[in-house]
2 protein chains.
Amino acid sequence: MPKRVDHEERRTQIAEALVRVAGRRGLHAVGMRDVAAEAGVSLRLVQYYFQTKEKLLFYGLQHLTDRFSARVGARLSAVGPDPGPRATIEAILLASLPTDEESRTFHLLYSSYSILSVTDDALAAQPFIDKPDAAEDALTGLIRQAQEAGLADPDADARTEAISLLAMTATMGTSILVGQRQPESAIAVLHHHLDRIFTPGRRHAPKGPPTAAPAAKARVYP
Amino acid sequence: MPKRVDHEERRTQIAEALVRVAGRRGLHAVGMRDVAAEAGVSLRLVQYYFQTKEKLLFYGLQHLTDRFSARVGARLSAVGPDPGPRATIEAILLASLPTDEESRTFHLLYSSYSILSVTDDALAAQPFIDKPDAAEDALTGLIRQAQEAGLADPDADARTEAISLLAMTATMGTSILVGQRQPESAIAVLHHHLDRIFTPGRRHAPKGPPTAAPAAKARVYP
DNA sequence: ATTTTTATGGTACGTTCGTATTACGAAGAA
DNA sequence: TTCTTCGTAATACGAACGTACCATAAAAAT
């Protein structure tokens, strides 16, 4: 037989073509022929490696989330070894904002899949619903950790704040996507809440004199 | 000629059929034939009143936002005459959560249109982007109003809080839609933030003793 | 060397979609 | 009345889509 090719590799190649063309024209507008052309293969090949369009879409979603997880991981290790809870959370949130081509594509397609899953049972059964739950748990743990270290307001409800941060990030990401908001504006809002949460409570009184209001960091809504 | 029918009325009837079928099967899945069947008219009629599918979709979006605005208005007058800023904001936010069939459909379709507008220029040009801006302005004004009346934290940044509340509501609405979160959970988070914002500041000292170190409302993380 | 797999190409089939065409009865206008 | 115009219907058309089918060269397996 010919070359004895690596199926998984080929599938990845095709899935990336799917992601590219879907990011450009919208998930609803991609056909198997588009994917084939983008990947530089014949339509038959796409059928060969994914028997059906549905399977292709599922695989594409999986690939998308995998890439995104890797990206967040890279951002995390980029902030230096053993970053504090706040830096970690900030890295996660900022990585989720559509600020460059890859994150823009991710945000667009993940949103598309989510909306699609509302009316598509097969997609809803796909295990990409637990990703948000995992993020929520992670942030909750980080906030609790900061509270125990005296770095965050001990009176804050960690889970509520985690939900809030993720929720704000998601919507503002969409706003950026549709051109309604600038990334800087979204970042300012997130910083505002991080500042609010990561303020040592009175019980753990840190060091500085409890005097005059320290200069407000940033925000400024244009 | 026959009956001399009201075109606007017919268009509304058809648009409502569109909204119903799109809410059931997803916006991407509706065809002109589906809309015609749902409205109980022939395909030709849908073509007659809307020449093209694009125009039908635009009209449907317009109708959707109009209905939603009316619904929010109804909720507002339902909370009694001259409600306070907080009650007003709460009514707006809670009306936006997909808790019944109508709000569920609205949330699903509005999200679908938004995502579509990212890759569809004609849809992006449609004036439904300013709706969120209007809501943001309204909430900002209400918070400022509450601050001046001594009902809200005077140190809070009204616009930032308005953006945050709307952003959280939107994402949590989607979470409810996909079955990831219960409405009660979303409402609890919103209440938490409303409680935080609508807390009379110390400057307007309501009643309690002016004791312990005033909470540094902010920033500069250590 | 022959036979069986495997990867790939080309193309045809059946369906569905948006749109266009044609037709016709009924109501105002002349 | 006659003519025009409006609302409604049925159906046809061309394109695009997902999928199925047939073919073939090349590497293993026998």
# chains A, B, ... in the order shown; residues from 1 in each chain; ligands from 1

$ interface_residues --of "chain B" --to "chain D" --cutoff "10 Å" --atoms "only C-alpha atoms (C1' of nucleotides)" --output "MDAnalysis selection string"
chainID B and resid 1:5 41:45 48

$ residues_around --residues "A:Val21" --least-positions-apart "3" --cutoff "9 Å" --atoms "only C-alpha atoms (C1' of nucleotides)" --output "list in words"
Glu16, Ala17, Leu18, Arg24, Arg25, Gly26, Leu27, Ala29, Val30, Asp34, Val35 and Glu38 of chain A

$ calpha_fit_rmsd --fixed "chain A" --moving "chain B"
4.7 Å

$ residues_around --residues "A:Ala146" --least-positions-apart "4" --cutoff "10 Å" --atoms "only C-alpha atoms (C1' of nucleotides)" --output "list in words"
Gly84, Pro85, Arg86, Thr140, Gly141, Leu142, Gly150, Leu151, Ala152, Asp153, Pro154, Ala158, Ile197, Phe198, Thr199 and Pro200 of chain A

$ closest_residue --among "B:Thr169, B:Ser117, B:Gln51, B:Gln180" --to "chain C" --atoms "only C-alpha atoms (C1' of nucleotides)"
B:Gln51

$ interface_residues --of "chain C" --to "chain A" --cutoff "8 Å" --atoms "only C-alpha atoms (C1' of nucleotides)" --output "list in words"
DT5, DT6, DA7, DT8 and DG9 of chain C

$ closest_residue --among "B:Arg11, B:Arg75, B:His193, B:Arg33" --to "chain A" --atoms "only C-alpha atoms"
B:His193

$ interface_residues --of "chain A" --to "chain B" --cutoff "7 Å" --atoms "only C-alpha atoms" --output "list in words"
Arg24, Arg25, Gly26, His28, Ser112, Ile115, Val118, Thr119, Thr160, Ser164, Ala167, Met168, Ala170, Thr171, Met172, Leu177, Val178, Val189, Asp195, Arg196, Phe198, Thr199, Pro210, Ala213, Ala216 and Lys217 of chain A

$ write_last_selection --atoms "N, CA and C atoms" --output "short mmCIF file (atom, residue, chain, number, x, y, z; two decimals), in the first residue's frame"
data_model
loop_
_atom_site.label_atom_id
_atom_site.label_comp_id
_atom_site.auth_asym_id
_atom_site.auth_seq_id
_atom_site.Cartn_x
_atom_site.Cartn_y
_atom_site.Cartn_z
N ARG A 24 -12.68 31.95 9.42
CA ARG A 24 -12.75 33.00 8.41
C ARG A 24 -14.19 33.26 7.97
N ARG A 25 -14.92 32.18 7.70
CA ARG A 25 -16.25 32.36 7.13
C ARG A 25 -17.39 31.99 8.06
N GLY A 26 -17.06 31.51 9.24
CA GLY A 26 -18.12 31.13 10.16
C GLY A 26 -18.37 29.63 10.12
N HIS A 28 -21.01 27.92 10.44
CA HIS A 28 -22.20 27.50 9.71
C HIS A 28 -21.95 27.41 8.21
N SER A 112 -19.69 29.38 18.76
CA SER A 112 -20.54 28.76 17.75
C SER A 112 -20.96 27.35 18.16
N ILE A 115 -23.55 27.54 21.05
CA ILE A 115 -24.89 27.90 20.59
C ILE A 115 -25.52 26.73 19.82
N VAL A 118 -27.12 23.94 21.87
CA VAL A 118 -28.41 24.17 22.50
C VAL A 118 -29.51 23.43 21.74
N THR A 119 -29.39 23.38 20.44
CA THR A 119 -30.44 22.75 19.63
C THR A 119 -29.97 21.46 18.96
N THR A 160 -18.16 32.39 43.99
CA THR A 160 -18.92 33.46 43.34
C THR A 160 -18.01 34.36 42.53
N SER A 164 -17.94 34.94 38.51
CA SER A 164 -18.08 36.30 37.99
C SER A 164 -16.96 36.65 37.03
N ALA A 167 -17.38 34.76 33.80
CA ALA A 167 -18.55 35.22 33.05
C ALA A 167 -18.26 36.56 32.38
N MET A 168 -17.64 37.46 33.12
CA MET A 168 -17.33 38.76 32.53
C MET A 168 -16.37 38.61 31.37
N ALA A 170 -15.95 36.10 29.39
CA ALA A 170 -16.59 35.51 28.22
C ALA A 170 -17.40 36.53 27.44
N THR A 171 -18.27 37.25 28.11
CA THR A 171 -19.09 38.23 27.40
C THR A 171 -18.25 39.33 26.79
N MET A 172 -17.28 39.81 27.53
CA MET A 172 -16.47 40.89 26.98
C MET A 172 -15.65 40.38 25.80
N LEU A 177 -15.14 40.65 19.92
CA LEU A 177 -15.30 39.94 18.65
C LEU A 177 -16.21 40.71 17.69
N VAL A 178 -17.28 41.23 18.20
CA VAL A 178 -18.22 41.93 17.34
C VAL A 178 -17.84 43.39 17.18
N VAL A 189 -11.60 46.43 33.03
CA VAL A 189 -12.69 45.94 33.88
C VAL A 189 -12.21 44.73 34.71
N ASP A 195 -8.36 43.66 41.40
CA ASP A 195 -7.92 44.56 42.48
C ASP A 195 -8.86 44.48 43.67
N ARG A 196 -10.13 44.39 43.36
CA ARG A 196 -11.12 44.33 44.44
C ARG A 196 -10.97 43.04 45.25
N PHE A 198 -8.34 40.82 45.21
CA PHE A 198 -7.00 40.62 45.78
C PHE A 198 -6.56 41.82 46.61
N THR A 199 -7.37 42.10 47.59
CA THR A 199 -7.06 43.15 48.55
C THR A 199 -7.06 42.49 49.92
N PRO A 210 -2.64 52.08 57.05
CA PRO A 210 -4.02 52.07 56.55
C PRO A 210 -4.50 53.46 56.17
N ALA A 213 -6.23 56.84 50.78
CA ALA A 213 -6.55 55.95 49.66
C ALA A 213 -5.41 55.88 48.65
N ALA A 216 -5.76 54.81 42.64
CA ALA A 216 -6.52 53.79 41.90
C ALA A 216 -5.73 53.35 40.70
N LYS A 217 -5.61 52.04 40.58
CA LYS A 217 -4.85 51.50 39.46
C LYS A 217 -5.71 51.40 38.20
#

$ closest_residue --among "B:Pro81, B:Gly60, B:Gly73, B:Pro183" --to "B:Arg20" --atoms "only C-alpha atoms"
B:Gly60

$ atom_distance --atom1 "atom CA of B:Tyr49" --atom2 "atom CA of B:Gly31"
15.3 Å

$ decode --residues "stretch 15-26 of chain C" --atoms "all heavy atoms" --output "mmCIF file, in the first residue's frame"
data_model
loop_
_atom_site.group_PDB
_atom_site.id
_atom_site.type_symbol
_atom_site.label_atom_id
_atom_site.label_comp_id
_atom_site.auth_asym_id
_atom_site.auth_seq_id
_atom_site.Cartn_x
_atom_site.Cartn_y
_atom_site.Cartn_z
ATOM 1 P P DT C 15 -34.084 11.359 -2.807
ATOM 2 O OP1 DT C 15 -34.874 10.399 -2.027
ATOM 3 O OP2 DT C 15 -34.553 11.823 -4.135
ATOM 4 O "O5'" DT C 15 -33.798 12.637 -1.903
ATOM 5 C "C5'" DT C 15 -32.663 12.605 -1.044
ATOM 6 C "C4'" DT C 15 -32.351 13.967 -0.498
ATOM 7 O "O4'" DT C 15 -31.423 14.656 -1.389
ATOM 8 C "C3'" DT C 15 -33.544 14.902 -0.308
ATOM 9 O "O3'" DT C 15 -33.566 15.300 1.043
ATOM 10 C "C2'" DT C 15 -33.284 16.051 -1.283
ATOM 11 C "C1'" DT C 15 -31.764 16.018 -1.457
ATOM 12 N N1 DT C 15 -31.271 16.507 -2.773
ATOM 13 C C2 DT C 15 -30.328 17.522 -2.801
ATOM 14 O O2 DT C 15 -29.888 18.052 -1.803
ATOM 15 N N3 DT C 15 -29.924 17.888 -4.063
ATOM 16 C C4 DT C 15 -30.357 17.356 -5.268
ATOM 17 O O4 DT C 15 -29.910 17.771 -6.334
ATOM 18 C C5 DT C 15 -31.342 16.309 -5.162
ATOM 19 C C7 DT C 15 -31.874 15.666 -6.404
ATOM 20 C C6 DT C 15 -31.745 15.936 -3.932
ATOM 21 P P DT C 16 -34.797 16.055 1.677
ATOM 22 O OP1 DT C 16 -34.954 15.555 3.051
ATOM 23 O OP2 DT C 16 -35.910 16.000 0.706
ATOM 24 O "O5'" DT C 16 -34.272 17.570 1.751
ATOM 25 C "C5'" DT C 16 -32.951 17.818 2.229
ATOM 26 C "C4'" DT C 16 -32.539 19.233 1.915
ATOM 27 O "O4'" DT C 16 -32.057 19.319 0.537
ATOM 28 C "C3'" DT C 16 -33.668 20.267 2.030
ATOM 29 O "O3'" DT C 16 -33.206 21.364 2.788
ATOM 30 C "C2'" DT C 16 -33.943 20.646 0.575
ATOM 31 C "C1'" DT C 16 -32.555 20.510 -0.030
ATOM 32 N N1 DT C 16 -32.514 20.347 -1.502
ATOM 33 C C2 DT C 16 -31.559 21.043 -2.220
ATOM 34 O O2 DT C 16 -30.755 21.789 -1.701
ATOM 35 N N3 DT C 16 -31.598 20.827 -3.577
ATOM 36 C C4 DT C 16 -32.472 20.010 -4.272
ATOM 37 O O4 DT C 16 -32.405 19.900 -5.491
ATOM 38 C C5 DT C 16 -33.441 19.318 -3.458
ATOM 39 C C7 DT C 16 -34.431 18.412 -4.109
ATOM 40 C C6 DT C 16 -33.416 19.521 -2.132
ATOM 41 P P DC C 17 -34.218 22.360 3.457
ATOM 42 O OP1 DC C 17 -34.164 22.225 4.919
ATOM 43 O OP2 DC C 17 -35.513 22.217 2.741
ATOM 44 O "O5'" DC C 17 -33.571 23.753 3.062
ATOM 45 C "C5'" DC C 17 -32.157 23.837 2.877
ATOM 46 C "C4'" DC C 17 -31.838 24.875 1.827
ATOM 47 O "O4'" DC C 17 -31.885 24.249 0.522
ATOM 48 C "C3'" DC C 17 -32.883 26.000 1.775
ATOM 49 O "O3'" DC C 17 -32.367 27.167 2.370
ATOM 50 C "C2'" DC C 17 -33.130 26.225 0.279
ATOM 51 C "C1'" DC C 17 -32.237 25.239 -0.420
ATOM 52 N N1 DC C 17 -32.928 24.549 -1.548
ATOM 53 C C2 DC C 17 -32.475 24.722 -2.855
ATOM 54 O O2 DC C 17 -31.508 25.466 -3.063
ATOM 55 N N3 DC C 17 -33.116 24.080 -3.861
ATOM 56 C C4 DC C 17 -34.152 23.286 -3.598
ATOM 57 N N4 DC C 17 -34.749 22.668 -4.617
ATOM 58 C C5 DC C 17 -34.625 23.091 -2.267
ATOM 59 C C6 DC C 17 -34.003 23.734 -1.284
ATOM 60 P P DG C 18 -33.393 28.362 2.667
ATOM 61 O OP1 DG C 18 -32.903 29.001 3.885
ATOM 62 O OP2 DG C 18 -34.772 27.834 2.604
ATOM 63 O "O5'" DG C 18 -33.166 29.345 1.433
ATOM 64 C "C5'" DG C 18 -31.853 29.813 1.147
ATOM 65 C "C4'" DG C 18 -31.825 30.508 -0.200
ATOM 66 O "O4'" DG C 18 -32.139 29.553 -1.239
ATOM 67 C "C3'" DG C 18 -32.820 31.667 -0.367
ATOM 68 O "O3'" DG C 18 -32.186 32.741 -1.029
ATOM 69 C "C2'" DG C 18 -33.944 31.043 -1.196
ATOM 70 C "C1'" DG C 18 -33.198 30.021 -2.030
ATOM 71 N N9 DG C 18 -34.036 28.865 -2.395
ATOM 72 C C8 DG C 18 -34.823 28.128 -1.551
ATOM 73 N N7 DG C 18 -35.461 27.156 -2.145
ATOM 74 C C5 DG C 18 -35.070 27.258 -3.465
ATOM 75 C C6 DG C 18 -35.436 26.455 -4.593
ATOM 76 O O6 DG C 18 -36.207 25.489 -4.638
ATOM 77 N N1 DG C 18 -34.806 26.898 -5.753
ATOM 78 C C2 DG C 18 -33.937 27.960 -5.822
ATOM 79 N N2 DG C 18 -33.429 28.233 -7.021
ATOM 80 N N3 DG C 18 -33.580 28.712 -4.775
ATOM 81 C C4 DG C 18 -34.183 28.299 -3.639
ATOM 82 P P DT C 19 -32.991 34.070 -1.268
ATOM 83 O OP1 DT C 19 -32.021 35.184 -1.257
ATOM 84 O OP2 DT C 19 -34.161 34.099 -0.377
ATOM 85 O "O5'" DT C 19 -33.500 33.873 -2.766
ATOM 86 C "C5'" DT C 19 -32.557 33.513 -3.774
ATOM 87 C "C4'" DT C 19 -33.256 33.226 -5.087
ATOM 88 O "O4'" DT C 19 -33.978 31.970 -5.007
ATOM 89 C "C3'" DT C 19 -34.286 34.282 -5.523
ATOM 90 O "O3'" DT C 19 -33.893 34.792 -6.791
ATOM 91 C "C2'" DT C 19 -35.606 33.512 -5.595
ATOM 92 C "C1'" DT C 19 -35.138 32.080 -5.786
ATOM 93 N N1 DT C 19 -36.095 31.048 -5.311
ATOM 94 C C2 DT C 19 -36.595 30.130 -6.199
ATOM 95 O O2 DT C 19 -36.289 30.116 -7.384
ATOM 96 N N3 DT C 19 -37.465 29.215 -5.657
ATOM 97 C C4 DT C 19 -37.873 29.132 -4.332
ATOM 98 O O4 DT C 19 -38.664 28.265 -3.969
ATOM 99 C C5 DT C 19 -37.326 30.126 -3.452
ATOM 100 C C7 DT C 19 -37.703 30.141 -2.003
ATOM 101 C C6 DT C 19 -36.467 31.034 -3.978
ATOM 102 P P DA C 20 -34.720 35.954 -7.450
ATOM 103 O OP1 DA C 20 -33.748 36.932 -7.976
ATOM 104 O OP2 DA C 20 -35.771 36.389 -6.503
ATOM 105 O "O5'" DA C 20 -35.411 35.211 -8.681
ATOM 106 C "C5'" DA C 20 -34.682 34.192 -9.370
ATOM 107 C "C4'" DA C 20 -35.548 33.583 -10.456
ATOM 108 O "O4'" DA C 20 -36.366 32.532 -9.892
ATOM 109 C "C3'" DA C 20 -36.516 34.562 -11.126
ATOM 110 O "O3'" DA C 20 -36.517 34.346 -12.532
ATOM 111 C "C2'" DA C 20 -37.862 34.248 -10.474
ATOM 112 C "C1'" DA C 20 -37.725 32.767 -10.156
ATOM 113 N N9 DA C 20 -38.472 32.350 -8.957
ATOM 114 C C8 DA C 20 -38.424 32.922 -7.729
ATOM 115 N N7 DA C 20 -39.197 32.334 -6.823
ATOM 116 C C5 DA C 20 -39.773 31.301 -7.531
ATOM 117 C C6 DA C 20 -40.699 30.301 -7.139
ATOM 118 N N6 DA C 20 -41.193 30.192 -5.915
ATOM 119 N N1 DA C 20 -41.079 29.409 -8.085
ATOM 120 C C2 DA C 20 -40.570 29.525 -9.321
ATOM 121 N N3 DA C 20 -39.704 30.425 -9.799
ATOM 122 C C4 DA C 20 -39.344 31.288 -8.837
ATOM 123 P P DT C 21 -37.490 35.186 -13.491
ATOM 124 O OP1 DT C 21 -36.776 35.366 -14.750
ATOM 125 O OP2 DT C 21 -37.980 36.366 -12.737
ATOM 126 O "O5'" DT C 21 -38.703 34.204 -13.729
ATOM 127 C "C5'" DT C 21 -38.412 32.828 -14.002
ATOM 128 C "C4'" DT C 21 -39.699 32.076 -14.326
ATOM 129 O "O4'" DT C 21 -40.303 31.618 -13.099
ATOM 130 C "C3'" DT C 21 -40.758 32.926 -15.029
ATOM 131 O "O3'" DT C 21 -41.279 32.201 -16.136
ATOM 132 C "C2'" DT C 21 -41.832 33.164 -13.974
ATOM 133 C "C1'" DT C 21 -41.689 31.919 -13.105
ATOM 134 N N1 DT C 21 -42.093 32.122 -11.691
ATOM 135 C C2 DT C 21 -42.940 31.207 -11.096
ATOM 136 O O2 DT C 21 -43.382 30.239 -11.660
ATOM 137 N N3 DT C 21 -43.230 31.487 -9.771
ATOM 138 C C4 DT C 21 -42.777 32.560 -9.038
ATOM 139 O O4 DT C 21 -43.104 32.704 -7.862
ATOM 140 C C5 DT C 21 -41.910 33.475 -9.723
ATOM 141 C C7 DT C 21 -41.375 34.672 -9.016
ATOM 142 C C6 DT C 21 -41.605 33.210 -11.006
ATOM 143 P P DT C 22 -42.198 32.956 -17.217
ATOM 144 O OP1 DT C 22 -41.691 32.564 -18.543
ATOM 145 O OP2 DT C 22 -42.303 34.386 -16.867
ATOM 146 O "O5'" DT C 22 -43.614 32.283 -16.984
ATOM 147 C "C5'" DT C 22 -43.694 30.900 -16.641
ATOM 148 C "C4'" DT C 22 -45.037 30.594 -16.015
ATOM 149 O "O4'" DT C 22 -45.002 30.926 -14.609
ATOM 150 C "C3'" DT C 22 -46.214 31.377 -16.613
ATOM 151 O "O3'" DT C 22 -47.182 30.456 -17.130
ATOM 152 C "C2'" DT C 22 -46.771 32.203 -15.455
ATOM 153 C "C1'" DT C 22 -46.279 31.404 -14.245
ATOM 154 N N1 DT C 22 -46.117 32.215 -13.006
ATOM 155 C C2 DT C 22 -46.705 31.773 -11.846
ATOM 156 O O2 DT C 22 -47.346 30.746 -11.771
ATOM 157 N N3 DT C 22 -46.497 32.594 -10.759
ATOM 158 C C4 DT C 22 -45.790 33.779 -10.737
ATOM 159 O O4 DT C 22 -45.681 34.425 -9.699
ATOM 160 C C5 DT C 22 -45.203 34.185 -11.986
ATOM 161 C C7 DT C 22 -44.431 35.463 -12.085
ATOM 162 C C6 DT C 22 -45.396 33.385 -13.062
ATOM 163 P P DA C 23 -48.501 30.977 -17.830
ATOM 164 O OP1 DA C 23 -48.840 29.974 -18.864
ATOM 165 O OP2 DA C 23 -48.355 32.402 -18.201
ATOM 166 O "O5'" DA C 23 -49.564 30.855 -16.647
ATOM 167 C "C5'" DA C 23 -49.576 29.677 -15.840
ATOM 168 C "C4'" DA C 23 -50.597 29.836 -14.727
ATOM 169 O "O4'" DA C 23 -50.019 30.619 -13.653
ATOM 170 C "C3'" DA C 23 -51.892 30.558 -15.151
ATOM 171 O "O3'" DA C 23 -53.003 29.767 -14.761
ATOM 172 C "C2'" DA C 23 -51.833 31.880 -14.390
ATOM 173 C "C1'" DA C 23 -51.006 31.507 -13.173
ATOM 174 N N9 DA C 23 -50.307 32.619 -12.532
ATOM 175 C C8 DA C 23 -49.422 33.496 -13.103
ATOM 176 N N7 DA C 23 -48.947 34.406 -12.279
ATOM 177 C C5 DA C 23 -49.567 34.105 -11.070
ATOM 178 C C6 DA C 23 -49.484 34.694 -9.799
ATOM 179 N N6 DA C 23 -48.723 35.753 -9.520
ATOM 180 N N1 DA C 23 -50.234 34.151 -8.808
ATOM 181 C C2 DA C 23 -50.996 33.093 -9.091
ATOM 182 N N3 DA C 23 -51.153 32.444 -10.247
ATOM 183 C C4 DA C 23 -50.400 33.007 -11.203
ATOM 184 P P DC C 24 -54.402 30.051 -15.447
ATOM 185 O OP1 DC C 24 -54.876 28.772 -15.981
ATOM 186 O OP2 DC C 24 -54.272 31.234 -16.332
ATOM 187 O "O5'" DC C 24 -55.338 30.451 -14.230
ATOM 188 C "C5'" DC C 24 -55.071 29.943 -12.920
ATOM 189 C "C4'" DC C 24 -55.756 30.813 -11.888
ATOM 190 O "O4'" DC C 24 -54.804 31.774 -11.351
ATOM 191 C "C3'" DC C 24 -56.927 31.645 -12.423
ATOM 192 O "O3'" DC C 24 -57.975 31.625 -11.493
ATOM 193 C "C2'" DC C 24 -56.316 33.031 -12.571
ATOM 194 C "C1'" DC C 24 -55.410 33.037 -11.346
ATOM 195 N N1 DC C 24 -54.359 34.087 -11.374
ATOM 196 C C2 DC C 24 -54.017 34.732 -10.174
ATOM 197 O O2 DC C 24 -54.573 34.410 -9.136
ATOM 198 N N3 DC C 24 -53.056 35.698 -10.206
ATOM 199 C C4 DC C 24 -52.473 36.021 -11.356
ATOM 200 N N4 DC C 24 -51.535 36.974 -11.325
ATOM 201 C C5 DC C 24 -52.801 35.378 -12.580
ATOM 202 C C6 DC C 24 -53.743 34.427 -12.542
ATOM 203 P P DG C 25 -59.482 31.671 -11.986
ATOM 204 O OP1 DG C 25 -59.885 30.311 -12.378
ATOM 205 O OP2 DG C 25 -59.591 32.787 -12.950
ATOM 206 O "O5'" DG C 25 -60.278 32.090 -10.665
ATOM 207 C "C5'" DG C 25 -59.921 31.523 -9.408
ATOM 208 C "C4'" DG C 25 -59.966 32.588 -8.326
ATOM 209 O "O4'" DG C 25 -58.805 33.455 -8.466
ATOM 210 C "C3'" DG C 25 -61.194 33.503 -8.393
ATOM 211 O "O3'" DG C 25 -61.629 33.799 -7.077
ATOM 212 C "C2'" DG C 25 -60.662 34.746 -9.099
ATOM 213 C "C1'" DG C 25 -59.235 34.809 -8.571
ATOM 214 N N9 DG C 25 -58.298 35.497 -9.451
ATOM 215 C C8 DG C 25 -58.131 35.273 -10.801
ATOM 216 N N7 DG C 25 -57.213 36.041 -11.333
ATOM 217 C C5 DG C 25 -56.748 36.809 -10.262
ATOM 218 C C6 DG C 25 -55.749 37.813 -10.239
ATOM 219 O O6 DG C 25 -55.051 38.229 -11.163
ATOM 220 N N1 DG C 25 -55.606 38.339 -8.950
ATOM 221 C C2 DG C 25 -56.311 37.949 -7.849
ATOM 222 N N2 DG C 25 -56.036 38.565 -6.710
ATOM 223 N N3 DG C 25 -57.248 37.012 -7.865
ATOM 224 C C4 DG C 25 -57.413 36.477 -9.105
ATOM 225 P P DA C 26 -63.097 34.283 -6.831
ATOM 226 O OP1 DA C 26 -63.721 33.332 -5.898
ATOM 227 O OP2 DA C 26 -63.719 34.579 -8.140
ATOM 228 O "O5'" DA C 26 -62.895 35.682 -6.091
ATOM 229 C "C5'" DA C 26 -61.959 35.778 -5.014
ATOM 230 C "C4'" DA C 26 -61.478 37.211 -4.866
ATOM 231 O "O4'" DA C 26 -60.551 37.518 -5.951
ATOM 232 C "C3'" DA C 26 -62.588 38.265 -4.958
ATOM 233 O "O3'" DA C 26 -62.382 39.239 -3.966
ATOM 234 C "C2'" DA C 26 -62.412 38.851 -6.356
ATOM 235 C "C1'" DA C 26 -60.898 38.784 -6.479
ATOM 236 N N9 DA C 26 -60.400 38.840 -7.844
ATOM 237 C C8 DA C 26 -60.843 38.100 -8.918
ATOM 238 N N7 DA C 26 -60.208 38.357 -10.031
ATOM 239 C C5 DA C 26 -59.283 39.339 -9.674
ATOM 240 C C6 DA C 26 -58.305 40.043 -10.402
ATOM 241 N N6 DA C 26 -58.079 39.860 -11.704
ATOM 242 N N1 DA C 26 -57.560 40.949 -9.738
ATOM 243 C C2 DA C 26 -57.786 41.137 -8.432
ATOM 244 N N3 DA C 26 -58.675 40.534 -7.640
ATOM 245 C C4 DA C 26 -59.393 39.641 -8.329
#
